[in-house]
$ cat final39.txt   # compact mmCIF, C-alpha atoms
# COMPACT_ATOMS: atom_id res chain seq x y z
CA MET W 1 -23.61 -57.65 -1.37
CA VAL W 2 -23.48 -61.06 0.28
CA ARG W 3 -21.34 -63.81 -1.10
CA CYS W 4 -23.01 -66.92 -2.46
CA ILE W 5 -22.12 -69.93 -0.31
CA SER W 6 -19.58 -72.24 -1.91
CA ASN W 7 -16.50 -74.15 -0.90
CA ASN W 8 -14.48 -74.33 -4.11
CA VAL W 9 -13.20 -72.10 -6.86
CA HIS W 10 -15.15 -72.88 -10.05
CA GLU W 11 -12.76 -72.69 -12.96
CA ASN W 12 -14.16 -74.81 -15.78
CA ILE W 13 -17.94 -74.49 -15.85
CA ALA W 14 -19.05 -75.83 -19.24
CA GLY W 15 -19.57 -73.00 -21.69
CA PHE W 16 -18.96 -70.16 -19.23
CA ILE W 17 -16.70 -67.31 -20.34
CA ASN W 18 -15.60 -64.97 -17.55
CA ILE W 19 -13.48 -61.93 -18.41
CA ASP W 20 -11.91 -59.48 -15.98
CA CYS W 21 -11.46 -56.51 -18.30
CA GLY W 22 -8.21 -54.63 -17.77
CA LEU W 23 -6.70 -57.31 -15.51
CA PRO W 24 -2.90 -57.14 -16.01
CA GLY W 25 -0.67 -60.16 -16.43
CA PRO W 26 -1.50 -63.79 -17.25
CA ALA W 27 -3.01 -64.81 -13.89
CA SER W 28 -6.77 -65.08 -13.40
CA SER W 29 -8.76 -63.48 -10.61
CA VAL W 30 -11.47 -65.13 -8.51
CA ASP W 31 -14.83 -63.45 -8.04
CA ASP W 32 -15.59 -63.27 -4.33
CA ASP W 33 -19.34 -63.75 -4.77
CA SER W 34 -19.68 -66.58 -7.30
CA GLU W 35 -16.12 -67.92 -6.73
CA LEU W 36 -15.80 -68.22 -10.50
CA SER W 37 -12.37 -67.76 -12.04
CA TYR W 38 -12.06 -64.69 -14.31
CA SER W 39 -9.48 -64.52 -17.11
CA PRO W 40 -7.52 -61.44 -18.24
CA ASP W 41 -8.97 -59.91 -21.39
CA THR W 42 -5.83 -59.86 -23.53
CA GLY W 43 -6.97 -62.94 -25.47
CA PHE W 44 -10.31 -61.37 -26.32
CA THR W 45 -9.40 -57.88 -27.57
CA ASP W 46 -6.33 -56.06 -28.87
CA ALA W 47 -7.78 -52.56 -28.47
CA GLY W 48 -7.74 -50.11 -25.62
CA SER W 49 -5.59 -49.80 -22.53
CA ASN W 50 -5.67 -51.16 -18.96
CA HIS W 51 -6.25 -49.07 -15.85
CA ASP W 52 -6.51 -49.96 -12.18
CA ILE W 53 -7.39 -48.27 -8.93
CA SER W 54 -4.94 -47.51 -6.16
CA VAL W 55 -4.19 -50.43 -3.84
CA GLU W 56 -5.43 -48.57 -0.77
CA TYR W 57 -8.94 -48.44 -2.25
CA THR W 58 -9.24 -52.15 -3.14
CA SER W 59 -11.23 -53.21 -0.08
CA SER W 60 -12.92 -56.59 0.35
CA ARG W 61 -16.27 -54.88 -0.27
CA LEU W 62 -15.33 -54.02 -3.85
CA ILE W 63 -15.80 -56.94 -6.24
CA LYS W 64 -12.50 -57.78 -7.93
CA ILE W 65 -13.61 -57.17 -11.50
CA TYR W 66 -14.04 -53.52 -10.51
CA HIS W 67 -10.39 -53.26 -9.47
CA ASN W 68 -9.44 -52.81 -13.16
CA VAL W 69 -11.01 -51.46 -16.33
CA ARG W 70 -10.11 -51.34 -20.00
CA SER W 71 -10.80 -48.04 -21.72
CA PHE W 72 -10.98 -47.29 -25.44
CA PRO W 73 -9.96 -43.68 -26.09
CA ASP W 74 -9.07 -44.30 -29.74
CA GLY W 75 -11.35 -45.38 -32.56
CA GLU W 76 -15.12 -45.39 -32.91
CA ARG W 77 -15.78 -49.12 -32.38
CA SER W 78 -13.82 -51.47 -30.09
CA CYS W 79 -14.77 -55.12 -29.74
CA TYR W 80 -14.30 -58.26 -27.66
CA THR W 81 -14.51 -61.57 -29.52
CA LEU W 82 -15.87 -64.55 -27.58
CA ARG W 83 -15.01 -67.84 -29.31
CA SER W 84 -15.66 -71.59 -29.13
CA LEU W 85 -19.43 -71.17 -28.91
CA VAL W 86 -22.16 -73.55 -30.07
CA PRO W 87 -23.87 -72.00 -33.13
CA GLY W 88 -27.61 -71.51 -32.91
CA ILE W 89 -28.13 -71.70 -29.14
CA LYS W 90 -29.14 -69.03 -26.65
CA TYR W 91 -26.56 -67.21 -24.58
CA LEU W 92 -26.81 -64.77 -21.70
CA ILE W 93 -24.27 -61.96 -22.14
CA ARG W 94 -23.57 -59.60 -19.25
CA ALA W 95 -21.28 -56.56 -19.01
CA PHE W 96 -20.07 -54.73 -15.90
CA PHE W 97 -19.05 -51.09 -15.65
CA MET W 98 -17.78 -48.90 -12.84
CA CYS W 99 -15.92 -45.62 -13.17
CA THR W 100 -14.30 -44.92 -9.82
CA SER W 101 -12.93 -41.57 -8.72
CA ARG W 102 -9.74 -43.38 -7.63
CA SER W 103 -8.89 -44.92 -10.99
CA LYS W 104 -6.48 -43.75 -13.66
CA VAL W 105 -9.23 -44.07 -16.26
CA HIS W 106 -11.20 -41.48 -14.32
CA ARG W 107 -8.28 -39.11 -14.54
CA SER W 108 -8.08 -39.78 -18.29
CA ILE W 109 -11.67 -38.63 -18.73
CA LYS W 110 -11.58 -35.94 -16.05
CA VAL W 111 -11.66 -33.07 -18.54
CA HIS W 112 -14.70 -34.56 -20.24
CA VAL W 113 -16.43 -35.12 -16.88
CA GLU W 114 -15.87 -31.54 -15.83
CA GLU W 115 -17.08 -30.13 -19.14
CA GLN W 116 -19.86 -32.49 -20.23
CA GLY W 117 -20.57 -35.13 -17.56
CA LEU W 118 -19.81 -38.82 -17.20
CA PRO W 119 -19.37 -41.08 -20.25
CA ILE W 120 -22.24 -42.24 -22.45
CA PHE W 121 -21.57 -44.85 -25.15
CA ASP W 122 -23.35 -47.62 -27.04
CA LEU W 123 -23.04 -51.37 -26.68
CA TYR W 124 -23.62 -53.84 -29.51
CA VAL W 125 -23.85 -57.61 -29.85
CA GLY W 126 -22.28 -58.08 -33.26
CA ALA W 127 -24.00 -55.60 -35.58
CA ASN W 128 -27.12 -55.37 -33.39
CA PHE W 129 -27.67 -52.50 -30.97
CA TRP W 130 -27.86 -53.74 -27.37
CA THR W 131 -28.14 -50.68 -25.14
CA THR W 132 -26.77 -47.24 -24.35
CA VAL W 133 -24.47 -47.27 -21.34
CA SER W 134 -24.92 -44.05 -19.41
CA ILE W 135 -22.65 -43.65 -16.39
CA THR W 136 -24.54 -41.35 -14.04
CA THR W 137 -22.57 -41.75 -10.79
CA LEU W 138 -18.93 -42.33 -9.95
CA ASP W 139 -18.14 -45.35 -7.77
CA ARG W 140 -21.45 -47.05 -8.55
CA ALA W 141 -21.59 -50.26 -10.57
CA LYS W 142 -23.72 -50.62 -13.68
CA ILE W 143 -24.60 -54.08 -15.03
CA VAL W 144 -26.33 -54.75 -18.35
CA GLU W 145 -27.51 -58.10 -19.68
CA ALA W 146 -28.95 -59.55 -22.87
CA ILE W 147 -30.18 -62.98 -23.97
CA VAL W 148 -29.65 -63.72 -27.66
CA VAL W 149 -29.29 -66.56 -30.12
CA VAL W 150 -25.71 -66.65 -31.40
CA PRO W 151 -25.73 -67.89 -35.02
CA ASP W 152 -22.00 -68.60 -35.31
CA ASP W 153 -19.22 -70.17 -33.25
CA SER W 154 -18.17 -66.73 -31.99
CA VAL W 155 -19.79 -63.44 -31.06
CA ARG W 156 -18.45 -59.90 -30.76
CA VAL W 157 -19.40 -57.48 -28.00
CA CYS W 158 -18.58 -53.96 -29.15
CA LEU W 159 -18.33 -50.60 -27.41
CA VAL W 160 -19.09 -47.67 -29.70
CA ASN W 161 -17.87 -44.15 -29.01
CA THR W 162 -20.76 -41.73 -29.56
CA GLY W 163 -18.72 -38.61 -28.82
CA ALA W 164 -19.94 -38.35 -25.24
CA GLY W 165 -16.93 -39.74 -23.39
CA THR W 166 -14.40 -42.57 -23.44
CA PRO W 167 -15.99 -46.06 -23.51
CA PHE W 168 -14.70 -48.48 -20.88
CA ILE W 169 -15.64 -51.84 -19.36
CA SER W 170 -14.90 -53.69 -16.12
CA GLY W 171 -16.06 -57.25 -16.82
CA LEU W 172 -17.79 -59.48 -19.33
CA ASP W 173 -19.72 -62.75 -18.86
CA LEU W 174 -21.19 -65.27 -21.27
CA ARG W 175 -23.46 -68.13 -20.16
CA PRO W 176 -25.07 -70.82 -22.36
CA LEU W 177 -28.80 -71.45 -21.93
CA LYS W 178 -30.97 -74.41 -22.87
CA SER W 179 -32.79 -73.87 -26.15
CA GLU W 180 -36.24 -74.15 -24.52
CA LEU W 181 -35.57 -71.45 -21.94
CA TYR W 182 -36.90 -67.93 -22.50
CA PRO W 183 -39.20 -68.74 -25.45
CA HIS W 184 -39.37 -65.03 -26.38
CA VAL W 185 -35.82 -65.31 -27.78
CA SER W 186 -35.34 -66.31 -31.41
CA ALA W 187 -32.83 -65.82 -34.22
CA THR W 188 -34.34 -62.38 -34.90
CA GLN W 189 -35.29 -61.24 -31.42
CA GLY W 190 -33.35 -61.01 -28.16
CA LEU W 191 -34.13 -59.76 -24.68
CA VAL W 192 -32.45 -56.93 -22.77
CA LEU W 193 -32.81 -57.22 -19.01
CA ASP W 194 -34.46 -54.28 -17.30
CA LYS W 195 -35.02 -55.82 -13.84
CA ARG W 196 -34.72 -59.22 -12.17
CA PHE W 197 -36.21 -59.26 -8.67
CA ASN W 198 -36.04 -61.82 -5.88
CA PHE W 199 -38.92 -61.02 -3.54
CA GLY W 200 -38.97 -62.02 0.10
CA LEU W 201 -35.37 -61.42 1.14
CA THR W 202 -35.18 -59.15 4.17
CA ASP W 203 -31.66 -57.82 3.49
CA PRO W 204 -31.52 -55.40 0.50
CA SER W 205 -27.81 -56.10 0.00
CA ARG W 206 -28.32 -59.82 -0.64
CA TYR W 207 -28.74 -61.47 -4.02
CA VAL W 208 -28.65 -64.90 -5.62
CA ARG W 209 -26.42 -65.98 -8.50
CA TYR W 210 -24.08 -68.91 -9.29
CA PRO W 211 -23.76 -71.53 -7.81
CA GLN W 212 -27.36 -71.34 -6.50
CA ASP W 213 -28.44 -70.43 -10.03
CA SER W 214 -26.73 -72.80 -12.44
CA ARG W 215 -27.34 -70.26 -15.26
CA ASP W 216 -25.64 -67.52 -13.18
CA ARG W 217 -28.44 -65.01 -13.42
CA ILE W 218 -28.25 -62.28 -10.79
CA TRP W 219 -31.46 -62.06 -8.71
CA VAL W 220 -31.46 -58.86 -6.64
CA SER W 221 -33.54 -58.48 -3.51
CA VAL W 222 -36.53 -56.19 -3.10
CA VAL W 223 -37.41 -55.14 0.43
CA ASN W 224 -40.59 -53.12 1.03
CA ARG W 225 -41.83 -53.74 4.55
CA THR W 226 -44.45 -51.01 4.21
CA GLU W 227 -46.41 -52.83 1.50
CA PHE W 228 -45.32 -56.48 1.77
CA ASP W 229 -45.16 -59.29 4.30
CA THR W 230 -42.69 -62.07 3.56
CA ILE W 231 -42.98 -65.84 3.79
CA SER W 232 -40.31 -68.46 3.30
CA THR W 233 -39.63 -72.17 3.48
CA SER W 234 -36.58 -74.40 3.85
CA ASN W 235 -38.17 -77.01 1.60
CA LYS W 236 -36.98 -77.39 -1.97
CA VAL W 237 -39.18 -75.83 -4.64
CA GLN W 238 -39.38 -78.11 -7.66
CA SER W 239 -39.52 -77.10 -11.31
CA SER W 240 -42.64 -78.02 -13.24
CA SER W 241 -42.42 -80.51 -16.11
CA ASP W 242 -42.84 -77.71 -18.67
CA ASP W 243 -40.54 -75.21 -16.94
CA LEU W 244 -39.27 -72.57 -19.38
CA PHE W 245 -37.18 -70.51 -16.95
CA GLU W 246 -35.53 -72.79 -14.33
CA VAL W 247 -35.63 -70.28 -11.48
CA PRO W 248 -33.40 -71.64 -8.70
CA THR W 249 -34.99 -72.96 -5.53
CA ALA W 250 -32.98 -70.39 -3.53
CA VAL W 251 -35.09 -67.70 -5.21
CA MET W 252 -38.42 -69.52 -5.10
CA GLN W 253 -38.15 -70.35 -1.38
CA ARG W 254 -39.28 -66.81 -0.52
CA ALA W 255 -42.26 -64.72 -1.51
CA VAL W 256 -44.15 -61.57 -0.62
CA MET W 257 -47.83 -61.01 0.14
CA PRO W 258 -49.75 -57.75 0.62
CA ARG W 259 -49.38 -56.43 4.16
CA LYS W 260 -52.86 -54.91 4.10
CA VAL W 261 -55.11 -57.95 3.99
CA THR W 262 -58.11 -55.80 3.14
CA GLU W 263 -56.54 -54.86 -0.20
CA ASN W 264 -55.70 -58.43 -1.23
CA LYS W 265 -53.62 -57.07 -4.09
CA ILE W 266 -49.98 -56.73 -5.13
CA GLU W 267 -49.23 -53.82 -7.46
CA ILE W 268 -45.92 -53.02 -9.16
CA THR W 269 -45.37 -50.04 -11.46
CA TRP W 270 -42.48 -48.68 -13.51
CA ASP W 271 -41.85 -46.27 -16.37
CA SER W 272 -40.59 -47.01 -19.85
CA GLN W 273 -36.87 -46.48 -20.49
CA PRO W 274 -36.59 -45.15 -24.05
CA GLN W 275 -33.43 -45.80 -26.06
CA PRO W 276 -32.09 -43.39 -28.70
CA ASN W 277 -32.93 -45.86 -31.48
CA ASP W 278 -36.21 -47.05 -29.89
CA PRO W 279 -38.22 -44.28 -28.20
CA SER W 280 -41.01 -46.72 -27.28
CA PRO W 281 -39.42 -50.11 -26.48
CA GLY W 282 -41.57 -53.21 -26.19
CA TYR W 283 -41.66 -54.90 -22.78
CA PHE W 284 -41.98 -58.50 -21.67
CA VAL W 285 -42.64 -59.53 -18.07
CA VAL W 286 -42.15 -62.96 -16.50
CA LEU W 287 -43.73 -63.53 -13.08
CA HIS W 288 -42.68 -66.54 -11.02
CA PHE W 289 -44.96 -68.19 -8.45
CA ALA W 290 -44.87 -71.07 -5.98
CA ASP W 291 -47.04 -71.49 -2.91
CA LEU W 292 -44.90 -72.02 0.17
CA ARG W 293 -47.79 -73.02 2.44
CA LEU W 294 -49.73 -76.29 2.21
CA LEU W 295 -53.39 -75.28 2.15
CA ARG W 296 -55.80 -77.78 3.65
CA GLY W 297 -59.54 -78.29 3.42
CA THR W 298 -61.37 -75.42 1.75
CA ALA W 299 -58.43 -73.02 1.96
CA LEU W 300 -57.67 -71.50 -1.45
CA ARG W 301 -55.07 -69.14 -2.89
CA GLN W 302 -56.31 -67.87 -6.24
CA PHE W 303 -55.73 -64.62 -8.09
CA TYR W 304 -55.90 -62.76 -11.38
CA VAL W 305 -52.71 -61.38 -12.93
CA ARG W 306 -52.88 -58.34 -15.21
CA PHE W 307 -50.21 -56.51 -17.17
CA ASN W 308 -51.33 -52.98 -18.06
CA GLY W 309 -54.91 -54.11 -17.48
CA GLU W 310 -54.75 -57.22 -19.67
CA LEU W 311 -54.91 -60.71 -18.17
CA LEU W 312 -51.66 -62.68 -18.46
CA TYR W 313 -53.63 -65.87 -17.84
CA PRO W 314 -57.18 -66.33 -19.20
CA GLU W 315 -58.58 -67.51 -15.85
CA ALA W 316 -57.84 -67.31 -12.14
CA TYR W 317 -54.39 -68.66 -11.29
CA THR W 318 -53.56 -70.98 -8.39
CA PRO W 319 -49.83 -71.47 -7.69
CA GLY W 320 -48.65 -75.00 -7.03
CA TYR W 321 -47.38 -75.99 -3.61
CA LEU W 322 -43.56 -76.07 -3.73
CA VAL W 323 -43.70 -76.16 -7.56
CA SER W 324 -42.53 -73.27 -9.74
CA GLY W 325 -44.87 -71.74 -12.26
CA ALA W 326 -44.60 -68.68 -14.50
CA LEU W 327 -46.93 -66.27 -16.26
CA TYR W 328 -45.68 -64.04 -19.07
CA ASN W 329 -46.82 -62.09 -22.10
CA THR W 330 -45.94 -63.39 -25.56
CA VAL W 331 -46.39 -60.11 -27.47
CA PRO W 332 -44.33 -57.06 -26.38
CA VAL W 333 -46.28 -54.24 -24.74
CA ARG W 334 -45.43 -50.62 -25.56
CA SER W 335 -46.43 -47.75 -23.29
CA SER W 336 -44.97 -44.85 -21.35
CA ALA W 337 -45.84 -46.51 -18.03
CA PHE W 338 -46.44 -50.09 -16.90
CA SER W 339 -48.27 -51.85 -14.09
CA ILE W 340 -48.59 -55.38 -12.76
CA SER W 341 -51.67 -56.21 -10.71
CA ILE W 342 -52.01 -59.49 -8.79
CA GLU W 343 -55.44 -59.52 -7.15
CA ALA W 344 -57.17 -62.24 -5.15
CA THR W 345 -60.46 -63.61 -6.48
CA PRO W 346 -63.61 -63.31 -4.35
CA GLU W 347 -63.38 -67.07 -3.69
CA SER W 348 -59.78 -66.94 -2.44
CA THR W 349 -59.25 -67.40 1.30
CA ARG W 350 -55.54 -66.55 1.12
CA PRO W 351 -53.83 -63.41 -0.23
CA PRO W 352 -51.91 -63.40 -3.51
CA LEU W 353 -48.14 -63.88 -3.50
CA LEU W 354 -45.16 -63.29 -5.76
CA ASN W 355 -41.76 -65.01 -5.55
CA ALA W 356 -39.76 -63.42 -8.37
CA MET W 357 -40.08 -61.23 -11.44
CA GLU W 358 -38.14 -60.47 -14.61
CA ILE W 359 -38.69 -57.48 -16.89
CA PHE W 360 -37.16 -57.31 -20.37
CA THR W 361 -37.22 -55.08 -23.41
CA VAL W 362 -37.09 -56.32 -26.99
CA MET W 363 -33.80 -56.38 -28.88
CA SER W 364 -33.72 -56.81 -32.66
CA THR W 365 -31.06 -59.32 -33.80
CA THR W 366 -31.74 -59.30 -37.53
CA LYS W 367 -28.38 -57.86 -38.63
CA ALA W 368 -25.54 -60.23 -39.51
CA ASP W 369 -22.16 -59.33 -38.05
CA ILE W 370 -19.37 -58.76 -40.57
CA PRO W 371 -16.05 -58.30 -38.69
$ encode --input "final39.txt" --output "structure tokens"
Amino acid sequence: MVRCISNNVHENIAGFINIDCGLPGPASSVDDDSELSYSPDTGFTDAGSNHDISVEYTSSRLIKIYHNVRSFPDGERSCYTLRSLVPGIKYLIRAFFMCTSRSKVHRSIKVHVEEQGLPIFDLYVGANFWTTVSITTLDRAKIVEAIVVVPDDSVRVCLVNTGAGTPFISGLDLRPLKSELYPHVSATQGLVLDKRFNFGLTDPSRYVRYPQDSRDRIWVSVVNRTEFDTISTSNKVQSSSDDLFEVPTAVMQRAVMPRKVTENKIEITWDSQPQPNDPSPGYFVVLHFADLRLLRGTALRQFYVRFNGELLYPEAYTPGYLVSGALYNTVPVRSSAFSISIEATPESTRPPLLNAMEIFTVMSTTKADIP
């Protein structure tokens, strides 16, 4: 991972809550990538116990929130309470997990690992199921994210023991969002992030987050030199007047195009990820476009965009020059497999492109939380 460029530690970003779970003592830590200040979690939960990894394994390559974890060996449901929120607005909530072979928490679950495998437990936002956290590999980070409307001035994030190992957590983020962003989200429906891709980066270890993204979304790079050519610009990419996603210019300044010009098509496929309480989850996709080349004369970049065979836009789409645009479905799609097709029209003289992509599943938020 490559650090986002910044010169100062960011301690008091309006509405941000940054928690380093399991961090001992009163002092905060500073995230090496975003340079945000992370607080110990003692003011947010009174359950569980702290664990850390041995000093000799805390290299500069390991993000600091993974140096400690809080585990919850006792009780079925253990919660963090995030306070001083604005009721009725949208929030991005993100949780980090990593079970390292060098940590004391790993030793505490060693018997379970040897007998049954790594921990599996459920995560809830208030009373609403968020996702099942399944740790499949030691020493590999897992990050989950949801966007929800918080109805009150606080929200609880709860880890639920399902009998398949000790729940634990490494870090917890909360970020406020403008009410017009992500129109799929309402008081009764949230989004669970499946993937958020930044196309066009040539280094697979790089990503974009805060401060380049003021909302602190994490945009991971996708590198596929076999299928895609990349283009980029140093010019700023502007948001459109009706922008509903505010993708940062650092993401939109790069894009991919099909390497095989004769195909004139970009195709992306993935499989459904069933949850125990939702064997056929509904999917939303958001595709982000901006042309990075000024086309002159009769030159034209124009394409059709289909999601599982259905047009996302009723006519051929032409991305704006250095202006962000987005196409997305408004009704969740359910299937065992999914495909995105971006195909040039017969009139197009330039291949299709794609700058960024987000994939979400639907999250029901109809249940009121009763602490």
$ closest_residue --input "final39.txt" --among "W:Arg301, W:Arg94, W:His67, W:His184" --to "Asp216 (chain W)" --atoms "only C-alpha atoms"
W:Arg94
$ closest_residue --input "final39.txt" --among "W:Phe168, W:Pro204, W:Ile147, W:Thr81" --to "Asp122 (chain W)" --atoms "only C-alpha atoms"
W:Phe168
$ closest_residue --input "final39.txt" --among "W:Thr249, W:Ser28, W:Ser364, W:Thr230" --to "Asn277 (chain W)" --atoms "all atoms listed in the file"
W:Ser364
$ closest_residue --input "final39.txt" --among "W:Leu244, W:Val286, W:Leu294, W:Val125" --to "Asn329 (chain W)" --atoms "only C-alpha atoms"
W:Val286
$ closest_residue --input "final39.txt" --among "W:Pro314, W:Pro258, W:Pro24, W:Gly325" --to "Leu287 (chain W)" --atoms "all atoms listed in the file"
W:Gly325
$ closest_residue --input "final39.txt" --among "W:Pro352, W:Pro371, W:Gly43, W:Pro167" --to "Cys99 (chain W)" --atoms "only C-alpha atoms"
W:Pro167
$ atom_distance --input "final39.txt" --atom1 "CA of Ile268 (chain W)" --atom2 "CA of Pro248 (chain W)"
22.4 Å
$ atom_distance --input "final39.txt" --atom1 "CA of Gly171 (chain W)" --atom2 "CA of Pro183 (chain W)"
27.2 Å
$ residues_around --input "final39.txt" --residues "Asp213 (chain W)" --least-positions-apart "3" --cutoff "8 Å" --atoms "all atoms listed in the file" --output "compact mmCIF listing (two decimals) with C-alpha atoms, keeping the file's coordinate frame"
# COMPACT_ATOMS: atom_id res chain seq x y z
CA VAL W 208 -28.65 -64.90 -5.62
CA ARG W 209 -26.42 -65.98 -8.50
CA TYR W 210 -24.08 -68.91 -9.29
CA ASP W 216 -25.64 -67.52 -13.18
CA ARG W 217 -28.44 -65.01 -13.42
CA VAL W 247 -35.63 -70.28 -11.48
CA PRO W 248 -33.40 -71.64 -8.70
CA ALA W 250 -32.98 -70.39 -3.53
$ residues_around --input "final39.txt" --residues "Gly190 (chain W)" --least-positions-apart "4" --cutoff "6 Å" --atoms "only C-alpha atoms" --output "list in words"
Ile147, Val148, Val185 and Met363 of chain W
$ residues_around --input "final39.txt" --residues "Asp229 (chain W)" --least-positions-apart "2" --cutoff "8 Å" --atoms "only C-alpha atoms" --output "PyMOL selection string"
chain W and resi 200+225+227+231+256-259
$ write_last_selection --input "final39.txt" --atoms "C-alpha atoms" --output "PDB file, in the frame of the given file"
ATOM      1  CA  GLY W 200     -38.970 -62.020   0.100  1.00  0.00           C
ATOM      2  CA  ARG W 225     -41.830 -53.740   4.550  1.00  0.00           C
ATOM      3  CA  GLU W 227     -46.410 -52.830   1.500  1.00  0.00           C
ATOM      4  CA  ILE W 231     -42.980 -65.840   3.790  1.00  0.00           C
ATOM      5  CA  VAL W 256     -44.150 -61.570  -0.620  1.00  0.00           C
ATOM      6  CA  MET W 257     -47.830 -61.010   0.140  1.00  0.00           C
ATOM      7  CA  PRO W 258     -49.750 -57.750   0.620  1.00  0.00           C
ATOM      8  CA  ARG W 259     -49.380 -56.430   4.160  1.00  0.00           C
TER       9      ARG W 259
END
$ atom_distance --input "final39.txt" --atom1 "CA of Ser348 (chain W)" --atom2 "CA of Ile266 (chain W)"
14.4 Å
$ build_atoms --input "final39.txt" --residues "region 229-235 of chain W" --atoms "all heavy atoms" --output "PDB file, keeping the file's coordinate frame"
ATOM      1  N   ASP W 229     -45.614 -58.313   3.320  1.00  0.00           N
ATOM      2  CA  ASP W 229     -45.160 -59.290   4.300  1.00  0.00           C
ATOM      3  C   ASP W 229     -44.398 -60.373   3.540  1.00  0.00           C
ATOM      4  O   ASP W 229     -44.665 -60.615   2.346  1.00  0.00           O
ATOM      5  CB  ASP W 229     -46.331 -59.925   5.043  1.00  0.00           C
ATOM      6  CG  ASP W 229     -46.868 -59.019   6.139  1.00  0.00           C
ATOM      7  OD1 ASP W 229     -46.075 -58.248   6.695  1.00  0.00           O
ATOM      8  OD2 ASP W 229     -48.079 -59.097   6.419  1.00  0.00           O
ATOM      9  N   THR W 230     -43.473 -61.025   4.207  1.00  0.00           N
ATOM     10  CA  THR W 230     -42.690 -62.070   3.560  1.00  0.00           C
ATOM     11  C   THR W 230     -42.996 -63.422   4.166  1.00  0.00           C
ATOM     12  O   THR W 230     -43.315 -63.541   5.346  1.00  0.00           O
ATOM     13  CB  THR W 230     -41.183 -61.789   3.688  1.00  0.00           C
ATOM     14  OG1 THR W 230     -40.813 -61.800   5.069  1.00  0.00           O
ATOM     15  CG2 THR W 230     -40.835 -60.436   3.092  1.00  0.00           C
ATOM     16  N   ILE W 231     -42.904 -64.460   3.335  1.00  0.00           N
ATOM     17  CA  ILE W 231     -42.980 -65.840   3.790  1.00  0.00           C
ATOM     18  C   ILE W 231     -41.835 -66.603   3.172  1.00  0.00           C
ATOM     19  O   ILE W 231     -41.295 -66.216   2.121  1.00  0.00           O
ATOM     20  CB  ILE W 231     -44.330 -66.509   3.438  1.00  0.00           C
ATOM     21  CG1 ILE W 231     -44.548 -66.529   1.917  1.00  0.00           C
ATOM     22  CG2 ILE W 231     -45.484 -65.818   4.139  1.00  0.00           C
ATOM     23  CD1 ILE W 231     -45.761 -67.345   1.502  1.00  0.00           C
ATOM     24  N   SER W 232     -41.423 -67.676   3.814  1.00  0.00           N
ATOM     25  CA  SER W 232     -40.310 -68.460   3.300  1.00  0.00           C
ATOM     26  C   SER W 232     -40.458 -69.916   3.732  1.00  0.00           C
ATOM     27  O   SER W 232     -41.276 -70.248   4.593  1.00  0.00           O
ATOM     28  CB  SER W 232     -38.971 -67.896   3.800  1.00  0.00           C
ATOM     29  OG  SER W 232     -38.902 -67.980   5.211  1.00  0.00           O
ATOM     30  N   THR W 233     -39.659 -70.762   3.137  1.00  0.00           N
ATOM     31  CA  THR W 233     -39.630 -72.170   3.480  1.00  0.00           C
ATOM     32  C   THR W 233     -38.204 -72.678   3.312  1.00  0.00           C
ATOM     33  O   THR W 233     -37.425 -72.124   2.522  1.00  0.00           O
ATOM     34  CB  THR W 233     -40.577 -72.994   2.590  1.00  0.00           C
ATOM     35  OG1 THR W 233     -40.538 -74.367   2.981  1.00  0.00           O
ATOM     36  CG2 THR W 233     -40.169 -72.908   1.118  1.00  0.00           C
ATOM     37  N   SER W 234     -37.870 -73.726   4.046  1.00  0.00           N
ATOM     38  CA  SER W 234     -36.580 -74.400   3.850  1.00  0.00           C
ATOM     39  C   SER W 234     -36.715 -75.596   2.924  1.00  0.00           C
ATOM     40  O   SER W 234     -35.716 -76.223   2.566  1.00  0.00           O
ATOM     41  CB  SER W 234     -36.014 -74.859   5.204  1.00  0.00           C
ATOM     42  OG  SER W 234     -36.920 -75.748   5.846  1.00  0.00           O
ATOM     43  N   ASN W 235     -37.937 -75.897   2.513  1.00  0.00           N
ATOM     44  CA  ASN W 235     -38.170 -77.010   1.600  1.00  0.00           C
ATOM     45  C   ASN W 235     -37.762 -76.643   0.180  1.00  0.00           C
ATOM     46  O   ASN W 235     -37.841 -75.479  -0.218  1.00  0.00           O
ATOM     47  CB  ASN W 235     -39.652 -77.415   1.603  1.00  0.00           C
ATOM     48  CG  ASN W 235     -40.115 -77.946   2.936  1.00  0.00           C
ATOM     49  OD1 ASN W 235     -39.383 -78.684   3.598  1.00  0.00           O
ATOM     50  ND2 ASN W 235     -41.320 -77.565   3.352  1.00  0.00           N
TER      51      ASN W 235
END
